[in-house]
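Asks: Supplied structure: model_36.pdb, PDB, C-alpha atoms and all ligand atoms.
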```
ATOM      1  CA  MET D   1       0.000   0.000   0.000
ATOM      2  CA  GLN D   2       1.473   3.295  -1.025
ATOM      3  CA  ASN D   3      -0.451   5.584   1.219
ATOM      4  CA  ARG D   4      -1.460   5.092   4.780
ATOM      5  CA  ARG D   5      -3.845   6.780   7.120
ATOM      6  CA  LEU D   6      -2.353   7.525  10.503
ATOM      7  CA  PRO D   7      -4.237   6.063  13.447
ATOM      8  CA  SER D   8      -5.673   8.488  15.960
ATOM      9  CA  PRO D   9      -6.890   6.359  18.885
ATOM     10  CA  THR D  10      -7.906   9.268  21.101
ATOM     11  CA  GLY D  11      -9.100  11.574  18.328
ATOM     12  CA  GLU D  12     -12.808  10.926  18.654
ATOM     13  CA  LEU D  13     -12.742  11.241  22.417
ATOM     14  CA  LEU D  14     -10.857  14.541  22.179
ATOM     15  CA  ILE D  15     -13.273  15.821  19.578
ATOM     16  CA  SER D  16     -16.268  15.019  21.736
ATOM     17  CA  ILE D  17     -14.669  16.687  24.766
ATOM     18  CA  ARG D  18     -13.862  19.742  22.636
ATOM     19  CA  LEU D  19     -17.407  19.834  21.310
ATOM     20  CA  SER D  20     -18.829  19.859  24.829
ATOM     21  CA  ILE D  21     -16.481  22.677  25.804
ATOM     22  CA  TYR D  22     -17.482  24.633  22.695
ATOM     23  CA  ALA D  23     -21.135  23.999  23.440
ATOM     24  CA  ALA D  24     -20.731  25.274  27.014
ATOM     25  CA  ALA D  25     -18.729  28.291  25.861
ATOM     26  CA  ALA D  26     -21.262  29.076  23.168
ATOM     27  CA  ALA D  27     -24.096  28.897  25.695
ATOM     28  CA  VAL D  28     -22.289  31.324  28.022
ATOM     29  CA  ALA D  29     -21.378  33.617  25.133
ATOM     30  CA  GLY D  30     -24.968  33.523  23.929
ATOM     31  CA  LEU D  31     -26.149  34.701  27.337
ATOM     32  CA  LEU D  32     -23.605  37.514  27.550
ATOM     33  CA  ALA D  33     -23.253  38.679  23.974
ATOM     34  CA  THR D  34     -25.408  41.290  22.378
ATOM     35  CA  GLY D  35     -23.880  40.760  18.911
ATOM     36  CA  PRO D  36     -21.788  38.144  17.135
ATOM     37  CA  VAL D  37     -19.084  36.688  19.386
ATOM     38  CA  HIS D  38     -16.412  36.844  16.671
ATOM     39  CA  ALA D  39     -16.074  39.440  13.978
ATOM     40  CA  GLU D  40     -16.614  37.857  10.570
ATOM     41  CA  THR D  41     -13.348  37.019   8.872
ATOM     42  CA  ALA D  42     -13.076  38.814   5.552
ATOM     43  CA  PRO D  43     -12.708  36.355   2.640
ATOM     44  CA  LEU D  44      -9.291  36.170   1.011
ATOM     45  CA  PRO D  45      -9.441  37.572  -2.538
ATOM     46  CA  VAL D  46      -9.290  34.688  -5.027
ATOM     47  CA  THR D  47      -9.423  34.377  -8.817
ATOM     48  CA  GLU D  48     -11.344  31.584 -10.570
ATOM     49  CA  ILE D  49      -8.673  30.542 -13.071
ATOM     50  CA  ALA D  50     -10.722  27.612 -14.460
ATOM     51  CA  PRO D  51     -14.227  26.333 -13.587
ATOM     52  CA  GLY D  52     -14.190  25.527  -9.854
ATOM     53  CA  VAL D  53     -10.470  26.281  -9.442
ATOM     54  CA  PHE D  54      -9.651  29.307  -7.269
ATOM     55  CA  VAL D  55      -6.254  30.842  -6.489
ATOM     56  CA  HIS D  56      -5.164  33.620  -4.144
ATOM     57  CA  ASN D  57      -2.176  35.542  -5.443
ATOM     58  CA  GLY D  58       0.582  35.800  -2.817
ATOM     59  CA  VAL D  59       2.563  39.037  -2.559
ATOM     60  CA  HIS D  60       6.282  39.094  -3.401
ATOM     61  CA  GLU D  61       7.384  39.993   0.123
ATOM     62  CA  GLU D  62       8.860  38.376   3.213
ATOM     63  CA  ALA D  63       6.375  37.449   5.979
ATOM     64  CA  THR D  64       5.207  40.497   7.991
ATOM     65  CA  ALA D  65       2.336  41.364  10.335
ATOM     66  CA  ALA D  66       0.897  43.532   7.548
ATOM     67  CA  ASN D  67       0.659  40.635   5.063
ATOM     68  CA  ASP D  68      -0.261  37.758   7.469
ATOM     69  CA  ASP D  69       2.433  35.696   5.669
ATOM     70  CA  ALA D  70       0.049  35.530   2.686
ATOM     71  CA  ILE D  71       3.008  35.438   0.320
ATOM     72  CA  ALA D  72       2.414  32.175  -1.577
ATOM     73  CA  ASN D  73      -0.222  31.249  -4.154
ATOM     74  CA  VAL D  74      -2.815  29.138  -2.350
ATOM     75  CA  GLY D  75      -6.349  28.108  -3.206
ATOM     76  CA  PHE D  76      -9.006  25.449  -3.553
ATOM     77  CA  VAL D  77     -10.874  23.217  -5.986
ATOM     78  CA  ILE D  78     -14.630  22.602  -5.676
ATOM     79  CA  GLY D  79     -16.095  19.201  -6.623
ATOM     80  CA  ASP D  80     -19.725  17.987  -6.543
ATOM     81  CA  ASN D  81     -19.299  16.499  -3.067
ATOM     82  CA  ALA D  82     -16.242  18.069  -1.509
ATOM     83  CA  VAL D  83     -13.719  20.877  -1.608
ATOM     84  CA  ALA D  84      -9.944  20.379  -1.589
ATOM     85  CA  VAL D  85      -7.709  23.147  -0.294
ATOM     86  CA  ILE D  86      -4.321  23.282  -2.003
ATOM     87  CA  ASP D  87      -2.167  24.891   0.648
ATOM     88  CA  PRO D  88      -3.988  26.508   3.556
ATOM     89  CA  GLY D  89      -1.733  29.591   3.657
ATOM     90  CA  GLY D  90       0.991  31.053   5.819
ATOM     91  CA  SER D  91      -0.782  31.723   9.123
ATOM     92  CA  PHE D  92      -4.001  30.919  10.953
ATOM     93  CA  ARG D  93      -5.293  34.300   9.816
ATOM     94  CA  GLU D  94      -4.649  33.591   6.161
ATOM     95  CA  GLY D  95      -6.144  30.105   6.554
ATOM     96  CA  ALA D  96      -9.286  31.553   8.155
ATOM     97  CA  ALA D  97      -9.621  34.093   5.344
ATOM     98  CA  LEU D  98      -9.183  31.350   2.743
ATOM     99  CA  ARG D  99     -11.852  29.308   4.511
ATOM    100  CA  ALA D 100     -14.153  32.344   4.402
ATOM    101  CA  ALA D 101     -13.484  32.605   0.649
ATOM    102  CA  ILE D 102     -14.589  28.969   0.251
ATOM    103  CA  ARG D 103     -17.691  29.478   2.394
ATOM    104  CA  ALA D 104     -18.639  32.542   0.342
ATOM    105  CA  ARG D 105     -18.911  30.208  -2.685
ATOM    106  CA  THR D 106     -20.066  26.822  -1.439
ATOM    107  CA  ASP D 107     -21.260  25.009   1.659
ATOM    108  CA  ARG D 108     -19.852  21.681   0.453
ATOM    109  CA  ARG D 109     -17.663  19.735   2.852
ATOM    110  CA  ILE D 110     -13.991  20.754   2.991
ATOM    111  CA  GLY D 111     -12.765  17.176   2.703
ATOM    112  CA  TYR D 112      -9.064  17.639   2.039
ATOM    113  CA  VAL D 113      -6.348  20.091   2.923
ATOM    114  CA  ILE D 114      -3.312  19.339   0.767
ATOM    115  CA  LEU D 115       0.016  20.442   2.267
ATOM    116  CA  THR D 116       2.370  20.758  -0.729
ATOM    117  CA  HIS D 117       5.576  20.965   1.344
ATOM    118  CA  VAL D 118       7.022  21.993   4.694
ATOM    119  CA  HIS D 119       7.501  25.724   4.076
ATOM    120  CA  PRO D 120       5.476  27.887   6.480
ATOM    121  CA  ASP D 121       4.073  30.293   3.883
ATOM    122  CA  HIS D 122       2.224  27.331   2.344
ATOM    123  CA  ILE D 123       0.969  25.292   5.295
ATOM    124  CA  PHE D 124       0.841  27.321   8.513
ATOM    125  CA  GLY D 125      -2.832  28.171   7.926
ATOM    126  CA  ALA D 126      -3.848  24.518   8.371
ATOM    127  CA  ALA D 127      -5.237  24.924  11.909
ATOM    128  CA  ALA D 128      -7.977  27.218  10.567
ATOM    129  CA  PHE D 129      -9.488  24.128   8.899
ATOM    130  CA  GLY D 130      -9.554  22.078  12.113
ATOM    131  CA  PRO D 131     -13.346  22.500  12.529
ATOM    132  CA  ASP D 132     -13.883  20.846   9.119
ATOM    133  CA  HIS D 133     -12.025  17.663  10.160
ATOM    134  CA  PRO D 134     -10.530  17.227   6.677
ATOM    135  CA  ASP D 135      -7.847  14.754   5.676
ATOM    136  CA  PHE D 136      -4.573  16.672   5.831
ATOM    137  CA  VAL D 137      -2.627  15.220   2.911
ATOM    138  CA  GLY D 138       1.162  15.472   2.678
ATOM    139  CA  HIS D 139       4.290  13.848   1.261
ATOM    140  CA  ALA D 140       5.532  10.805   3.174
ATOM    141  CA  LYS D 141       8.580  12.837   4.187
ATOM    142  CA  LEU D 142       6.577  15.819   5.455
ATOM    143  CA  PRO D 143       6.230  14.561   9.051
ATOM    144  CA  GLY D 144      10.018  14.203   9.333
ATOM    145  CA  ALA D 145      10.595  17.687   7.943
ATOM    146  CA  LEU D 146       7.999  19.145  10.322
ATOM    147  CA  ALA D 147       9.608  17.366  13.279
ATOM    148  CA  GLN D 148      12.987  18.773  12.302
ATOM    149  CA  ARG D 149      11.993  22.354  11.512
ATOM    150  CA  GLY D 150       8.405  23.009  12.590
ATOM    151  CA  LYS D 151       9.111  24.581  15.970
ATOM    152  CA  TYR D 152      11.853  26.765  14.527
ATOM    153  CA  TYR D 153       9.570  27.959  11.737
ATOM    154  CA  LEU D 154       6.812  28.710  14.247
ATOM    155  CA  ARG D 155       9.175  30.743  16.421
ATOM    156  CA  ARG D 156      10.365  32.689  13.371
ATOM    157  CA  LEU D 157       6.774  33.377  12.287
ATOM    158  CA  ARG D 158       5.901  34.682  15.754
ATOM    159  CA  GLU D 159       8.938  36.974  15.643
ATOM    160  CA  ALA D 160       7.940  38.278  12.210
ATOM    161  CA  LEU D 161       4.164  38.596  12.747
ATOM    162  CA  GLY D 162       3.735  39.172  16.493
ATOM    163  CA  ALA D 163       0.070  38.910  17.495
ATOM    164  CA  ALA D 164      -0.886  38.260  13.855
ATOM    165  CA  ALA D 165       0.660  34.787  14.312
ATOM    166  CA  ASP D 166      -1.765  33.938  17.146
ATOM    167  CA  ALA D 167      -3.550  30.573  16.795
ATOM    168  CA  THR D 168      -1.061  29.439  14.154
ATOM    169  CA  GLU D 169      -0.075  25.863  14.986
ATOM    170  CA  LEU D 170       1.784  22.982  13.424
ATOM    171  CA  VAL D 171      -0.638  20.516  11.855
ATOM    172  CA  ALA D 172       0.719  17.097  10.903
ATOM    173  CA  PRO D 173      -0.573  15.323   7.798
ATOM    174  CA  THR D 174      -3.083  12.532   8.444
ATOM    175  CA  VAL D 175      -2.746  10.967   4.969
ATOM    176  CA  LEU D 176       0.713  10.391   3.514
ATOM    177  CA  VAL D 177       1.651  10.131  -0.158
ATOM    178  CA  SER D 178       4.827   8.275  -1.079
ATOM    179  CA  ASP D 179       4.115   7.978  -4.792
ATOM    180  CA  ARG D 180       0.658   8.785  -6.169
ATOM    181  CA  LEU D 181      -2.796   9.342  -4.735
ATOM    182  CA  GLU D 182      -6.139  10.236  -6.309
ATOM    183  CA  LEU D 183      -8.706  12.304  -4.451
ATOM    184  CA  ASP D 184     -12.322  12.040  -5.608
ATOM    185  CA  LEU D 185     -14.176  15.309  -4.993
ATOM    186  CA  GLY D 186     -17.332  14.090  -6.775
ATOM    187  CA  GLY D 187     -17.382  14.628 -10.543
ATOM    188  CA  ARG D 188     -13.725  15.603 -10.462
ATOM    189  CA  ARG D 189     -10.526  13.874  -9.490
ATOM    190  CA  LEU D 190      -7.266  15.325  -8.304
ATOM    191  CA  ALA D 191      -4.101  13.342  -9.043
ATOM    192  CA  LEU D 192      -1.394  13.925  -6.448
ATOM    193  CA  GLN D 193       2.233  13.024  -7.009
ATOM    194  CA  ALA D 194       5.053  12.899  -4.456
ATOM    195  CA  HIS D 195       8.456  13.948  -5.760
ATOM    196  CA  GLU D 196      12.092  13.136  -5.120
ATOM    197  CA  PRO D 197      14.142  15.913  -3.425
ATOM    198  CA  ALA D 198      13.896  19.090  -5.519
ATOM    199  CA  HIS D 199      12.604  22.371  -4.024
ATOM    200  CA  THR D 200      12.443  20.456  -0.697
ATOM    201  CA  ASP D 201      12.533  16.727   0.017
ATOM    202  CA  ASN D 202       8.733  16.675   0.478
ATOM    203  CA  ASP D 203       7.174  18.300  -2.601
ATOM    204  CA  LEU D 204       3.688  17.307  -3.787
ATOM    205  CA  THR D 205       2.050  18.387  -7.051
ATOM    206  CA  VAL D 206      -1.665  18.250  -7.873
ATOM    207  CA  PHE D 207      -3.314  17.768 -11.272
ATOM    208  CA  ASP D 208      -7.001  18.610 -11.757
ATOM    209  CA  GLU D 209      -8.087  16.307 -14.575
ATOM    210  CA  ASN D 210     -11.338  18.196 -15.376
ATOM    211  CA  THR D 211      -9.641  21.459 -16.282
ATOM    212  CA  ARG D 212      -6.108  20.145 -16.900
ATOM    213  CA  THR D 213      -4.830  22.577 -14.292
ATOM    214  CA  PHE D 214      -1.440  21.624 -12.864
ATOM    215  CA  TRP D 215      -0.623  22.911  -9.377
ATOM    216  CA  LEU D 216       3.150  22.876  -9.193
ATOM    217  CA  ALA D 217       3.360  24.721  -5.841
ATOM    218  CA  ASP D 218       7.025  25.589  -5.197
ATOM    219  CA  LEU D 219       8.350  23.289  -7.870
ATOM    220  CA  LEU D 220       7.544  26.305 -10.048
ATOM    221  CA  PHE D 221       8.656  29.841  -9.232
ATOM    222  CA  VAL D 222       7.770  32.637 -11.659
ATOM    223  CA  ASP D 223       9.229  36.151 -11.227
ATOM    224  CA  ARG D 224      10.380  35.427  -7.650
ATOM    225  CA  ILE D 225      13.752  33.676  -7.373
ATOM    226  CA  PRO D 226      13.475  29.906  -6.807
ATOM    227  CA  VAL D 227      14.554  28.695  -3.360
ATOM    228  CA  ILE D 228      16.741  25.589  -3.390
ATOM    229  CA  ASP D 229      16.054  23.691  -0.183
ATOM    230  CA  GLY D 230      16.239  20.129  -1.490
ATOM    231  CA  SER D 231      18.521  19.410  -4.440
ATOM    232  CA  VAL D 232      19.443  21.493  -7.480
ATOM    233  CA  VAL D 233      20.293  18.332  -9.430
ATOM    234  CA  GLY D 234      17.078  16.651  -8.298
ATOM    235  CA  TRP D 235      14.971  19.708  -9.127
ATOM    236  CA  LEU D 236      16.259  19.807 -12.702
ATOM    237  CA  LYS D 237      15.490  16.104 -13.007
ATOM    238  CA  GLU D 238      11.936  16.553 -11.680
ATOM    239  CA  LEU D 239      11.423  19.575 -13.927
ATOM    240  CA  HIS D 240      12.405  17.488 -16.933
ATOM    241  CA  GLN D 241       9.673  14.972 -16.053
ATOM    242  CA  LEU D 242       7.078  17.585 -15.094
ATOM    243  CA  THR D 243       7.441  19.604 -18.292
ATOM    244  CA  ARG D 244       6.575  16.480 -20.291
ATOM    245  CA  ILE D 245       3.121  16.413 -18.687
ATOM    246  CA  PRO D 246       0.698  18.372 -20.878
ATOM    247  CA  ALA D 247      -1.574  20.849 -19.093
ATOM    248  CA  ASP D 248      -3.722  23.809 -20.060
ATOM    249  CA  ARG D 249      -2.280  25.955 -17.292
ATOM    250  CA  ALA D 250       0.007  25.719 -14.275
ATOM    251  CA  VAL D 251      -0.263  27.350 -10.865
ATOM    252  CA  PRO D 252       3.160  28.397  -9.566
ATOM    253  CA  GLY D 253       3.872  28.605  -5.829
ATOM    254  CA  HIS D 254       5.001  32.180  -6.384
ATOM    255  CA  GLY D 255       4.180  34.356  -9.380
ATOM    256  CA  PRO D 256       0.930  34.952 -11.317
ATOM    257  CA  VAL D 257      -2.159  32.907 -10.377
ATOM    258  CA  TRP D 258      -1.678  30.858 -13.540
ATOM    259  CA  VAL D 259       0.881  30.566 -16.298
ATOM    260  CA  PRO D 260       1.141  28.628 -19.579
ATOM    261  CA  TRP D 261       2.673  25.178 -19.215
ATOM    262  CA  PRO D 262       5.385  24.090 -19.834
ATOM    263  CA  ALA D 263       6.684  27.407 -21.262
ATOM    264  CA  ALA D 264       6.578  29.083 -17.848
ATOM    265  CA  ALA D 265       9.220  26.692 -16.533
ATOM    266  CA  ASP D 266      11.929  28.041 -18.877
ATOM    267  CA  PRO D 267      13.309  30.850 -16.668
ATOM    268  CA  GLU D 268      13.430  28.580 -13.606
ATOM    269  CA  ARG D 269      15.254  25.872 -15.562
ATOM    270  CA  ARG D 270      17.707  28.482 -16.879
ATOM    271  CA  TYR D 271      18.429  29.716 -13.328
ATOM    272  CA  LEU D 272      18.833  26.224 -11.862
ATOM    273  CA  GLU D 273      21.087  25.151 -14.730
ATOM    274  CA  ALA D 274      23.249  28.252 -14.238
ATOM    275  CA  VAL D 275      23.519  27.578 -10.505
ATOM    276  CA  GLU D 276      24.432  23.929 -11.072
ATOM    277  CA  ARG D 277      26.966  24.640 -13.816
ATOM    278  CA  ASP D 278      28.653  27.651 -12.190
ATOM    279  CA  THR D 279      28.761  26.102  -8.722
ATOM    280  CA  ARG D 280      30.588  23.088 -10.144
ATOM    281  CA  ALA D 281      32.988  25.481 -11.870
ATOM    282  CA  ALA D 282      33.536  27.456  -8.648
ATOM    283  CA  ILE D 283      34.321  24.254  -6.749
ATOM    284  CA  ARG D 284      36.788  23.179  -9.446
ATOM    285  CA  ALA D 285      38.407  26.636  -9.349
ATOM    286  CA  GLY D 286      38.917  26.350  -5.591
ATOM    287  CA  ILE D 287      36.588  29.236  -4.715
ATOM    288  CA  GLY D 288      35.358  28.872  -1.103
ATOM    289  CA  ILE D 289      31.730  28.277  -0.189
ATOM    290  CA  ALA D 290      31.314  31.752   1.342
ATOM    291  CA  ASP D 291      32.465  33.535  -1.829
ATOM    292  CA  ALA D 292      30.995  31.316  -4.512
ATOM    293  CA  TYR D 293      27.681  33.208  -4.807
ATOM    294  CA  ARG D 294      29.535  36.210  -6.237
ATOM    295  CA  GLU D 295      30.650  34.125  -9.215
ATOM    296  CA  VAL D 296      27.664  31.826  -9.686
ATOM    297  CA  ALA D 297      24.799  32.625 -12.088
ATOM    298  CA  LYS D 298      25.773  36.301 -12.293
ATOM    299  CA  SER D 299      23.749  36.675 -15.490
ATOM    300  CA  GLU D 300      20.569  35.941 -13.491
ATOM    301  CA  ARG D 301      20.899  39.034 -11.300
ATOM    302  CA  GLY D 302      18.198  41.570 -12.169
ATOM    303  CA  ARG D 303      15.974  38.864 -13.619
ATOM    304  CA  TRP D 304      14.379  37.803 -10.338
ATOM    305  CA  LEU D 305      12.615  39.438  -7.411
ATOM    306  CA  LEU D 306      14.327  38.929  -4.014
ATOM    307  CA  PHE D 307      17.515  37.811  -5.788
ATOM    308  CA  ASP D 308      19.917  39.247  -3.206
ATOM    309  CA  GLU D 309      17.898  37.753  -0.335
ATOM    310  CA  TYR D 310      17.936  34.170  -1.618
ATOM    311  CA  HIS D 311      20.648  33.691  -4.233
ATOM    312  CA  PRO D 312      23.588  33.426  -1.756
ATOM    313  CA  ARG D 313      21.868  30.691   0.248
ATOM    314  CA  ASN D 314      20.886  28.838  -2.944
ATOM    315  CA  VAL D 315      24.549  28.771  -3.921
ATOM    316  CA  THR D 316      25.600  27.629  -0.437
ATOM    317  CA  ALA D 317      23.054  24.791  -0.553
ATOM    318  CA  SER D 318      24.149  23.767  -4.054
ATOM    319  CA  TYR D 319      27.827  23.949  -3.102
ATOM    320  CA  LYS D 320      27.226  21.554  -0.203
ATOM    321  CA  GLU D 321      25.342  19.237  -2.538
ATOM    322  CA  LEU D 322      27.923  19.263  -5.321
ATOM    323  CA  GLU D 323      31.268  19.488  -3.541
ATOM    324  CA  TRP D 324      31.602  15.740  -2.848
ATOM    325  CA  GLU D 325      30.530  14.574  -6.298
TER     326      GLU D 325
HETATM  327 ZN    ZN T   1       8.632  26.535  -0.579
END
```
Will you turn the file into structure tokens for me?

Replies:
Amino acid sequence: MQNRRLPSPTGELLISIRLSIYAAAAAVAGLLATGPVHAETAPLPVTEIAPGVFVHNGVHEEATAANDDAIANVGFVIGDNAVAVIDPGGSFREGAALRAAIRARTDRRIGYVILTHVHPDHIFGAAAFGPDHPDFVGHAKLPGALAQRGKYYLRRLREALGAAADATELVAPTVLVSDRLELDLGGRRLALQAHEPAHTDNDLTVFDENTRTFWLADLLFVDRIPVIDGSVVGWLKELHQLTRIPADRAVPGHGPVWVPWPAAADPERRYLEAVERDTRAAIRAGIGIADAYREVAKSERGRWLLFDEYHPRNVTASYKELEWE
């Protein structure tokens, strides 16, 4: 069996205890309140890029209190029976706003929350979907990555967002994908694929067969510089496979809400190839790891947003990967 559901022996008990607490709290609040207990969360702006496929366009910034860490492209797909969220966003607040965007369009069950990889800007909104009791679907290596980095990422988010990070929690996947998995939303199927180390070591992509929309998440960066946190060699290999899959449009993790596929992968491939080639050359020339970024992929400078913020660390990561070849 390729995919397994994680057992949760105490889950139902906890849920029923929580429900009784909520019921008691709601009763008290009902007695005391003269208006709604919570202000309505404003729906996250989303674009319907194909029938039933909605994407929120992340801003090209670092996480701040002003942007709620809503810096990645996230969204959802509506089927006849269920809704699948493809990345719940970068904070509880963004997740709640995304949920409000779904509820503004449909009351169908939110059955799945797909976590495309470990990076906080994509998955830290997951707790906002707790009340829906969805399957949280992630790569088989996601739990390990969360165990290694989750607490650090959470601390960093709290430093960056302050009170705007409140209620943001780590949510572990409940369904793991080690190869492929199909999700049936009713009248539409999503094909999920787990990838070898590329952007990270736990990347998932999602293909909506009805509209031939390919969600690449952070395997595809457009305009914003790609972040190499898995393997530059592996990423180029995955990209070679991915670009052979025909699709009507692709959703990048960062960039416009949709782009033509596979043409939109060209700049990313060019950057990754330059990093791989020039890093090998720098290693051969005896240039140290701390200085290599000055020599590597110089022609790419000015072609990407946030280049100076991320290029040096991309080169460091690639240097470590390539130096023992
Ligand atoms: Zn990422």

Asks: Could you write out as a PyMOL selection string the residues that the PyMOL selection byres (((not hetatm)) within 7 of (chain T and resi 1)) matches in the shown file?

Replies: chain D and resi 117+119+199+218+227

Asks: Name the closest residue to Asn73 in chain D among the candidates D:Gly89, D:Pro197, D:Gly150, D:Pro120; distances are taken between atoms, counting only C-alpha atoms.

Replies: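 The answer is D:Gly89, which sits nearest to Asn73 in chain D.
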
Asks: Under the rule that only C-alpha atoms are counted, which of D:Glu300, D:Asp248, D:Asp184, D:Glu309 is the nearest residue to Ala274 in chain D?

Replies: D:Glu300

Asks: So, with all atoms listed in the file as the atoms that count, which of D:Ile114, D:Leu305, D:Val232, D:Leu242 lies closest to Phe76 in chain D?

Replies: D:Ile114

Asks: Give me the residues within 10 Å of Asp201 in chain D as a count of residues only, counting only C-alpha atoms and dropping any in the same chain fewer than 2 places off.

Replies: 21

Asks: At a cut-off of 12 Å, using all atoms listed in the file, what residues contact Leu161 in chain D? Leave out same-chain residues fewer than 5 positions from it and give the result as a PyMOL selection string.

Replies: chain D and resi 62-70+90-93+153-156+166-168

Asks: Report the distance between CA of Ser318 in chain D and CA of Glu276 in chain D in Å, rounded to one decimal place.

Replies: 7.0 Å

Asks: Which is closest to Glu94 in chain D among D:Ile49, D:Ala292, D:Ala127, D:Leu44, if we use all atoms listed in the file?

Replies: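 Smallest distance to Glu94 in chain D is found for D:Leu44.
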